[in-house]
>>> print(open('coords.cif').read())   # mmCIF, C-alpha atoms
data_model
loop_
_atom_site.label_atom_id
_atom_site.label_comp_id
_atom_site.auth_asym_id
_atom_site.auth_seq_id
_atom_site.Cartn_x
_atom_site.Cartn_y
_atom_site.Cartn_z
CA ILE B 16 13.71 -2.04 3.90
CA SER B 17 13.47 -4.57 6.73
CA VAL B 18 15.81 -7.54 6.38
CA PHE B 19 15.34 -10.64 8.50
CA GLY B 20 18.02 -13.33 8.71
CA VAL B 21 17.97 -16.62 10.57
CA SER B 22 17.77 -14.76 13.92
CA SER B 23 14.49 -13.11 12.83
CA THR B 24 15.84 -9.72 13.92
CA ASN B 25 14.31 -6.77 12.05
CA ALA B 26 17.36 -4.99 10.58
CA GLU B 27 16.91 -1.67 8.78
CA PHE B 28 18.71 -1.37 5.44
CA LYS B 29 18.85 2.03 3.73
CA CYS B 30 19.17 2.78 0.03
CA THR B 31 22.67 3.97 -0.89
CA SER B 32 22.21 4.20 -4.67
CA ALA B 33 19.53 3.64 -7.31
CA ASP B 34 19.36 3.84 -11.11
CA GLY B 35 15.63 3.49 -11.71
CA SER B 36 15.33 -0.27 -12.03
CA ASN B 37 17.93 -1.38 -9.47
CA ALA B 38 18.90 -0.19 -6.00
CA ILE B 39 21.62 -1.00 -3.52
CA PHE B 40 20.76 -1.13 0.19
CA SER B 41 23.21 -1.22 3.07
CA GLY B 42 22.80 -2.46 6.61
CA THR B 43 23.82 -5.21 9.00
CA THR B 44 22.12 -8.54 9.63
CA ASP B 45 23.00 -12.20 10.05
CA PRO B 46 26.05 -13.18 7.95
CA GLU B 47 24.32 -16.24 6.52
CA GLY B 48 20.90 -16.70 4.92
CA PRO B 49 18.21 -17.36 4.18
CA TYR B 50 16.82 -13.82 4.22
CA THR B 51 13.39 -12.23 3.99
CA ALA B 52 13.02 -8.54 3.13
CA ILE B 53 10.00 -6.26 3.53
CA TYR B 54 9.43 -2.83 2.00
CA PRO B 55 8.95 -0.34 3.52
CA TYR B 56 10.90 -0.65 6.75
CA CYS B 57 8.76 -0.52 9.89
CA ALA B 58 9.63 -1.55 13.43
CA ASP B 59 6.38 -3.55 13.49
CA ASN B 60 7.31 -5.75 10.50
CA VAL B 61 7.49 -9.43 11.46
CA VAL B 62 8.75 -12.59 9.79
CA SER B 63 7.73 -15.99 11.11
CA GLY B 64 8.81 -19.04 9.18
CA SER B 65 7.82 -18.53 5.56
CA SER B 66 5.36 -15.72 6.32
CA ALA B 67 5.81 -11.96 6.56
CA THR B 68 3.50 -9.49 8.33
CA LEU B 69 3.39 -5.80 7.45
CA THR B 70 0.91 -2.94 7.75
CA ILE B 71 -1.13 -1.39 4.95
CA PRO B 72 -2.14 2.03 6.36
CA ALA B 73 -5.76 3.08 6.68
CA VAL B 74 -4.76 6.73 6.21
CA GLN B 75 -2.61 7.53 3.19
CA GLN B 76 -1.34 11.07 2.58
CA LEU B 77 0.26 12.33 -0.61
CA ALA B 78 3.72 13.89 -0.54
CA GLY B 79 6.44 15.01 -2.92
CA GLY B 80 4.05 15.94 -5.73
CA ARG B 81 3.16 12.28 -6.33
CA ASN B 82 -0.27 10.77 -6.98
CA MET B 83 0.21 8.00 -4.41
CA ALA B 84 1.19 8.16 -0.74
CA PRO B 85 4.84 7.31 -0.03
CA GLY B 86 5.65 3.86 1.31
CA VAL B 87 2.29 2.22 0.49
CA LEU B 88 3.57 -0.07 -2.27
CA ALA B 89 4.35 -2.80 0.23
CA SER B 90 6.40 -5.70 -1.12
CA VAL B 91 8.38 -8.73 0.01
CA ALA B 92 11.39 -10.68 -1.23
CA THR B 93 13.48 -13.67 -0.23
CA ALA B 94 17.08 -14.73 -0.79
CA SER B 95 19.00 -17.84 0.15
CA LYS B 96 22.36 -16.11 0.64
CA SER B 97 23.82 -12.61 0.92
CA SER B 98 25.08 -12.54 -2.68
CA ASP B 99 21.56 -13.14 -4.10
CA VAL B 100 19.58 -10.30 -5.65
CA LEU B 101 16.30 -9.50 -3.90
CA PHE B 102 13.39 -9.46 -6.36
CA PHE B 103 10.46 -7.81 -4.61
CA LYS B 104 6.84 -8.83 -5.22
CA ASN B 105 4.00 -6.38 -4.57
CA VAL B 106 1.64 -7.21 -1.72
CA VAL B 107 -1.08 -4.65 -2.44
CA ALA B 108 -3.61 -3.83 -5.11
CA LEU B 109 -4.17 -0.28 -6.35
CA VAL B 110 -7.47 1.52 -6.76
CA LYS B 111 -7.31 4.33 -9.32
CA MET B 112 -9.65 7.32 -9.36
CA THR B 113 -9.83 10.69 -11.09
CA VAL B 114 -10.40 13.96 -9.23
CA ALA B 115 -12.17 16.39 -11.56
CA ASP B 116 -12.83 19.29 -9.14
CA ASP B 117 -10.59 21.73 -7.28
CA ASP B 118 -12.22 21.58 -3.83
CA VAL B 119 -11.76 17.93 -2.76
CA THR B 120 -10.17 17.67 0.70
CA SER B 121 -10.28 13.89 1.25
CA ILE B 122 -11.37 10.65 -0.39
CA LEU B 123 -12.72 7.71 1.61
CA LEU B 124 -12.90 4.25 0.07
CA SER B 125 -14.97 1.71 2.02
CA SER B 126 -15.95 -1.90 1.42
CA ASN B 127 -18.87 -3.98 2.60
CA GLY B 128 -16.91 -5.96 5.17
CA THR B 129 -13.67 -6.86 3.38
CA PRO B 130 -10.57 -5.36 5.06
CA LEU B 131 -8.79 -2.83 2.86
CA ALA B 132 -6.06 -1.95 5.37
CA GLY B 133 -4.46 -3.48 8.44
CA LYS B 134 -1.74 -5.96 9.32
CA ALA B 135 -1.45 -8.26 6.32
CA THR B 136 0.29 -11.61 6.60
CA VAL B 137 1.58 -12.91 3.29
CA SER B 138 3.78 -15.63 1.89
CA ALA B 139 7.32 -14.21 1.94
CA SER B 140 8.16 -15.95 -1.34
CA THR B 141 4.98 -15.29 -3.37
CA ALA B 142 3.41 -12.26 -1.61
CA GLU B 143 0.03 -14.01 -1.65
CA LEU B 144 -2.28 -12.97 1.18
CA GLN B 145 -2.63 -15.41 4.10
CA GLY B 146 -4.60 -13.33 6.62
CA VAL B 147 -5.41 -9.88 8.02
CA ALA B 148 -5.38 -8.64 11.62
CA ASP B 149 -6.67 -5.30 12.95
CA GLY B 150 -8.40 -4.84 9.60
CA SER B 151 -10.12 -1.64 8.49
CA THR B 152 -12.85 -1.52 5.86
CA ILE B 153 -12.12 2.18 5.20
CA VAL B 154 -9.04 3.79 3.65
CA THR B 155 -8.70 7.57 3.56
CA LEU B 156 -6.59 9.37 0.97
CA LEU B 157 -5.46 12.88 1.91
CA PRO B 158 -3.92 15.54 -0.35
CA GLU B 159 -0.45 16.95 0.09
CA GLY B 160 -1.89 20.41 0.73
CA GLU B 161 -5.41 21.51 1.58
CA THR B 162 -7.05 20.10 -1.56
CA PHE B 163 -6.26 17.71 -4.41
CA ALA B 164 -5.14 19.00 -7.77
CA ARG B 165 -7.18 17.63 -10.65
CA GLY B 166 -5.82 14.35 -11.93
CA ASP B 167 -5.49 10.62 -11.30
CA TYR B 168 -4.72 9.19 -7.85
CA TYR B 169 -4.11 5.76 -6.36
CA ILE B 170 -5.04 4.12 -3.06
CA ALA B 171 -3.17 0.98 -1.96
CA VAL B 172 -5.42 -1.73 -0.50
CA ILE B 173 -5.17 -5.30 0.69
CA PRO B 174 -6.24 -7.64 -2.14
CA GLY B 175 -9.69 -9.13 -1.79
CA THR B 176 -13.30 -9.21 -2.97
CA SER B 177 -16.22 -7.27 -1.52
CA GLU B 178 -19.87 -7.17 -2.52
CA GLY B 179 -19.99 -3.44 -3.13
CA ILE B 180 -17.90 -0.37 -2.36
CA THR B 181 -18.55 3.25 -1.43
CA VAL B 182 -16.35 6.21 -2.34
CA SER B 183 -17.01 9.34 -0.28
CA VAL B 184 -15.59 12.67 -1.41
CA ARG B 185 -15.29 15.47 1.12
CA ARG B 186 -15.00 19.02 -0.10
CA THR B 187 -14.13 22.46 1.26
CA VAL B 188 -17.86 23.24 1.45
CA ASP B 189 -19.68 20.61 3.55
CA ALA B 190 -22.88 21.00 1.57
CA ARG B 191 -21.09 19.67 -1.51
CA ARG B 192 -20.10 16.30 -0.10
CA GLY B 193 -20.47 13.55 -2.64
CA GLU B 194 -20.79 9.81 -2.44
CA LYS B 195 -20.46 7.17 -5.11
CA THR B 196 -21.71 3.68 -4.29
CA SER B 197 -21.54 0.49 -6.31
CA LEU B 198 -23.22 -2.78 -5.36
CA LYS B 199 -21.21 -4.69 -7.92
CA THR B 200 -18.57 -7.18 -6.83
CA PHE B 201 -15.36 -5.30 -6.04
CA THR B 202 -12.22 -7.36 -6.68
CA ALA B 203 -8.82 -5.88 -5.91
CA VAL B 204 -6.16 -8.16 -7.38
CA ARG B 205 -2.66 -8.25 -5.94
CA ASN B 206 -0.25 -6.32 -8.18
CA GLY B 207 -3.20 -5.05 -10.22
CA ILE B 208 -4.99 -1.73 -10.71
CA LEU B 209 -8.76 -1.32 -10.41
CA GLY B 210 -10.12 1.86 -11.98
CA ILE B 211 -13.28 3.37 -10.50
CA GLY B 212 -13.52 6.42 -12.78
CA SER B 213 -14.17 10.07 -12.02
CA LEU B 214 -15.22 11.27 -8.58
CA ALA B 215 -16.89 14.45 -9.88
#
>>> encode(input="coords.cif", output="structure tokens")
Amino acid sequence: ISVFGVSSTNAEFKCTSADGSNAIFSGTTDPEGPYTAIYPYCADNVVSGSSATLTIPAVQQLAGGRNMAPGVLASVATASKSSDVLFFKNVVALVKMTVADDDVTSILLSSNGTPLAGKATVSASTAELQGVADGSTIVTLLPEGETFARGDYYIAVIPGTSEGITVSVRRTVDARRGEKTSLKTFTAVRNGILGIGSLA
């Protein structure tokens, strides 16, 4: 995680132990608070006043046998002093989809103008979105290997509302590309999951 003290220096803290619901991180930062923390650590993370800026990636690749790319569950936390526990709040929304075929090589989720990825600035204390820079209206999910296994998968996106979305599925055989478009209002709620069904 990134930890910012009163000097606003981006200090990297690494996990030294975890038991499922709690984790201990170690690193060095200002001896006195207040503190703002951002997960995951990135050299580009920024804290300015009561706001935190972090990047939601436009390309998300699975790893470790999981159904979500590592490090995309961006979150923020604040503490007034070093002895306080950091309670992280999720920044992103999740879009859930089901892959029902064996030949899917990538999934592209696109909105009609609303940024789904980019540099998101949020309230450090509430994680509510304040603005987006370098926004992308397309997020690509890639498998861990050449193709996705059948099952449910998640894409992390910046919360927001768009008048319609398109999901494009690319396959090992170009002639079998598929596209699923909805003109309905698409609302991705922070800390929520929006299911879009099967991509078959």
>>> closest_residue(input="coords.cif", among="B:Ile71, B:Asp116, B:Gly210, B:Lys96", to="Val172 in chain B", atoms="all atoms listed in the file")
B:Ile71
>>> resolve_selection(input="coords.cif", expression="the PyMOL selection byres ((chain B and resi 27) around 7)", output="PyMOL selection string")
chain B and resi 16-18+25-26+28-29+42+56
>>> resolve_selection(input="coords.cif", expression="the PyMOL selection byres ((chain B and resi 62) around 10)", output="MDAnalysis selection string")
chainID B and resid 17:20 23:25 50:53 60:61 63:69 136:139
>>> write_last_selection(input="coords.cif", atoms="C-alpha atoms", output="PDB file, in the frame of the given file")
ATOM      1  CA  SER B  17      13.470  -4.570   6.730  1.00  0.00           C
ATOM      2  CA  VAL B  18      15.810  -7.540   6.380  1.00  0.00           C
ATOM      3  CA  PHE B  19      15.340 -10.640   8.500  1.00  0.00           C
ATOM      4  CA  GLY B  20      18.020 -13.330   8.710  1.00  0.00           C
ATOM      5  CA  SER B  23      14.490 -13.110  12.830  1.00  0.00           C
ATOM      6  CA  THR B  24      15.840  -9.720  13.920  1.00  0.00           C
ATOM      7  CA  ASN B  25      14.310  -6.770  12.050  1.00  0.00           C
ATOM      8  CA  TYR B  50      16.820 -13.820   4.220  1.00  0.00           C
ATOM      9  CA  THR B  51      13.390 -12.230   3.990  1.00  0.00           C
ATOM     10  CA  ALA B  52      13.020  -8.540   3.130  1.00  0.00           C
ATOM     11  CA  ILE B  53      10.000  -6.260   3.530  1.00  0.00           C
ATOM     12  CA  ASN B  60       7.310  -5.750  10.500  1.00  0.00           C
ATOM     13  CA  VAL B  61       7.490  -9.430  11.460  1.00  0.00           C
ATOM     14  CA  SER B  63       7.730 -15.990  11.110  1.00  0.00           C
ATOM     15  CA  GLY B  64       8.810 -19.040   9.180  1.00  0.00           C
ATOM     16  CA  SER B  65       7.820 -18.530   5.560  1.00  0.00           C
ATOM     17  CA  SER B  66       5.360 -15.720   6.320  1.00  0.00           C
ATOM     18  CA  ALA B  67       5.810 -11.960   6.560  1.00  0.00           C
ATOM     19  CA  THR B  68       3.500  -9.490   8.330  1.00  0.00           C
ATOM     20  CA  LEU B  69       3.390  -5.800   7.450  1.00  0.00           C
ATOM     21  CA  THR B 136       0.290 -11.610   6.600  1.00  0.00           C
ATOM     22  CA  VAL B 137       1.580 -12.910   3.290  1.00  0.00           C
ATOM     23  CA  SER B 138       3.780 -15.630   1.890  1.00  0.00           C
ATOM     24  CA  ALA B 139       7.320 -14.210   1.940  1.00  0.00           C
TER      25      ALA B 139
END
>>> residues_near_point(input="coords.cif", point="(-5.6, 8.7, 3.4)", cutoff="7 Å", atoms="all atoms listed in the file", output="number ranges by chain")
B: 73-76, 154-157
>>> closest_residue(input="coords.cif", among="B:Ala135, B:Val107, B:Val188, B:Leu214", to="Pro174 in chain B", atoms="all atoms listed in the file")
B:Val107
>>> axis_aligned_box(input="coords.cif", around="range 31-45 of chain B", padding_each_side="3 Å", output="JSON")
{"center_x": 19.6, "center_y": -4.0, "center_z": -1.0, "size_x": 14.5, "size_y": 22.4, "size_z": 28.1}
>>> closest_residue(input="coords.cif", among="B:Thr141, B:Ser98, B:Asn105, B:Ser22", to="Tyr54 in chain B", atoms="all atoms listed in the file")
B:Asn105
>>> resolve_selection(input="coords.cif", expression="the PyMOL selection byres ((chain B and resi 46) around 9)", output="list in words")
Gly20, Thr43, Thr44, Asp45, Glu47, Gly48, Lys96 and Ser97 of chain B
>>> atom_distance(input="coords.cif", atom1="CA of Phe163 in chain B", atom2="CA of Thr120 in chain B")
6.4 Å
>>> closest_residue(input="coords.cif", among="B:Leu131, B:Val119, B:Leu209, B:Val204", to="Thr187 in chain B", atoms="only C-alpha atoms")
B:Val119
>>> decode(input="coords.cif", residues="range 38-134 of chain B", atoms="C-alpha atoms", output="tab-separated table (two decimals), in the first residue's frame")
chain	number	residue	atom	x	y	z
B	38	ALA	CA	-3.32	-7.60	7.71
B	39	ILE	CA	-0.22	-5.98	9.10
B	40	PHE	CA	1.88	-3.75	6.83
B	41	SER	CA	5.37	-2.47	7.53
B	42	GLY	CA	7.21	0.53	6.15
B	43	THR	CA	8.53	3.96	7.07
B	44	THR	CA	6.76	7.30	6.84
B	45	ASP	CA	6.25	10.45	8.90
B	46	PRO	CA	6.21	9.70	12.66
B	47	GLU	CA	3.04	11.71	13.22
B	48	GLY	CA	-0.31	11.71	11.42
B	49	PRO	CA	-2.68	12.24	9.90
B	50	TYR	CA	-2.20	9.52	7.29
B	51	THR	CA	-3.82	8.56	4.01
B	52	ALA	CA	-3.32	5.08	2.54
B	53	ILE	CA	-4.01	3.83	-0.99
B	54	TYR	CA	-4.20	0.24	-2.21
B	55	PRO	CA	-2.49	-0.94	-4.32
B	56	TYR	CA	0.88	0.78	-4.08
B	57	CYS	CA	1.89	2.66	-7.21
B	58	ALA	CA	4.57	5.30	-7.66
B	59	ASP	CA	1.95	7.46	-9.42
B	60	ASN	CA	-0.43	7.54	-6.42
B	61	VAL	CA	-0.98	11.08	-5.15
B	62	VAL	CA	-2.57	12.63	-2.08
B	63	SER	CA	-3.47	16.31	-2.04
B	64	GLY	CA	-5.32	17.65	0.96
B	65	SER	CA	-8.32	15.42	1.57
B	66	SER	CA	-8.21	13.84	-1.91
B	67	ALA	CA	-6.41	10.78	-3.24
B	68	THR	CA	-5.62	10.02	-6.89
B	69	LEU	CA	-4.97	6.49	-8.15
B	70	THR	CA	-5.20	4.63	-11.44
B	71	ILE	CA	-7.85	2.12	-12.48
B	72	PRO	CA	-6.21	0.18	-15.34
B	73	ALA	CA	-7.75	-0.01	-18.79
B	74	VAL	CA	-6.16	-3.44	-19.34
B	75	GLN	CA	-6.75	-6.03	-16.62
B	76	GLN	CA	-5.15	-9.48	-16.85
B	77	LEU	CA	-6.02	-12.46	-14.70
B	78	ALA	CA	-3.34	-14.22	-12.65
B	79	GLY	CA	-3.01	-16.81	-9.92
B	80	GLY	CA	-6.12	-18.76	-10.95
B	81	ARG	CA	-8.40	-15.91	-9.85
B	82	ASN	CA	-11.46	-14.53	-11.63
B	83	MET	CA	-10.34	-10.91	-11.23
B	84	ALA	CA	-7.07	-9.20	-12.15
B	85	PRO	CA	-4.70	-8.63	-9.22
B	86	GLY	CA	-4.51	-5.16	-7.72
B	87	VAL	CA	-7.69	-3.76	-9.31
B	88	LEU	CA	-9.74	-3.53	-6.12
B	89	ALA	CA	-8.48	-0.02	-5.45
B	90	SER	CA	-9.27	1.36	-2.01
B	91	VAL	CA	-8.39	4.21	0.34
B	92	ALA	CA	-8.19	4.73	4.09
B	93	THR	CA	-7.32	7.47	6.56
B	94	ALA	CA	-5.96	7.53	10.10
B	95	SER	CA	-5.27	10.36	12.51
B	96	LYS	CA	-2.29	8.71	14.22
B	97	SER	CA	0.06	5.75	13.77
B	98	SER	CA	-1.75	3.57	16.33
B	99	ASP	CA	-5.08	3.80	14.44
B	100	VAL	CA	-6.33	0.88	12.36
B	101	LEU	CA	-6.75	1.63	8.65
B	102	PHE	CA	-10.24	0.68	7.43
B	103	PHE	CA	-10.12	0.66	3.64
B	104	LYS	CA	-13.09	1.69	1.48
B	105	ASN	CA	-13.42	0.41	-2.09
B	106	VAL	CA	-13.09	2.97	-4.87
B	107	VAL	CA	-14.30	0.83	-7.78
B	108	ALA	CA	-17.42	-0.93	-8.93
B	109	LEU	CA	-17.35	-4.47	-10.33
B	110	VAL	CA	-18.96	-5.72	-13.52
B	111	LYS	CA	-19.68	-9.46	-13.44
B	112	MET	CA	-20.01	-11.63	-16.53
B	113	THR	CA	-20.14	-15.33	-17.34
B	114	VAL	CA	-17.95	-16.97	-19.99
B	115	ALA	CA	-19.79	-19.99	-21.38
B	116	ASP	CA	-17.40	-21.00	-24.21
B	117	ASP	CA	-13.84	-22.33	-24.29
B	118	ASP	CA	-12.40	-20.13	-27.04
B	119	VAL	CA	-12.69	-16.58	-25.61
B	120	THR	CA	-9.36	-14.73	-25.78
B	121	SER	CA	-10.40	-11.27	-24.52
B	122	ILE	CA	-13.40	-9.32	-23.28
B	123	LEU	CA	-13.84	-5.60	-23.99
B	124	LEU	CA	-16.31	-3.53	-22.00
B	125	SER	CA	-17.07	-0.08	-23.42
B	126	SER	CA	-19.40	2.73	-22.40
B	127	ASN	CA	-21.05	5.50	-24.37
B	128	GLY	CA	-18.76	8.25	-23.11
B	129	THR	CA	-18.44	7.58	-19.38
B	130	PRO	CA	-14.84	6.80	-18.31
B	131	LEU	CA	-14.44	3.27	-17.00
B	132	ALA	CA	-10.70	3.51	-16.32
B	133	GLY	CA	-8.10	6.20	-15.77
B	134	LYS	CA	-6.75	8.36	-12.97
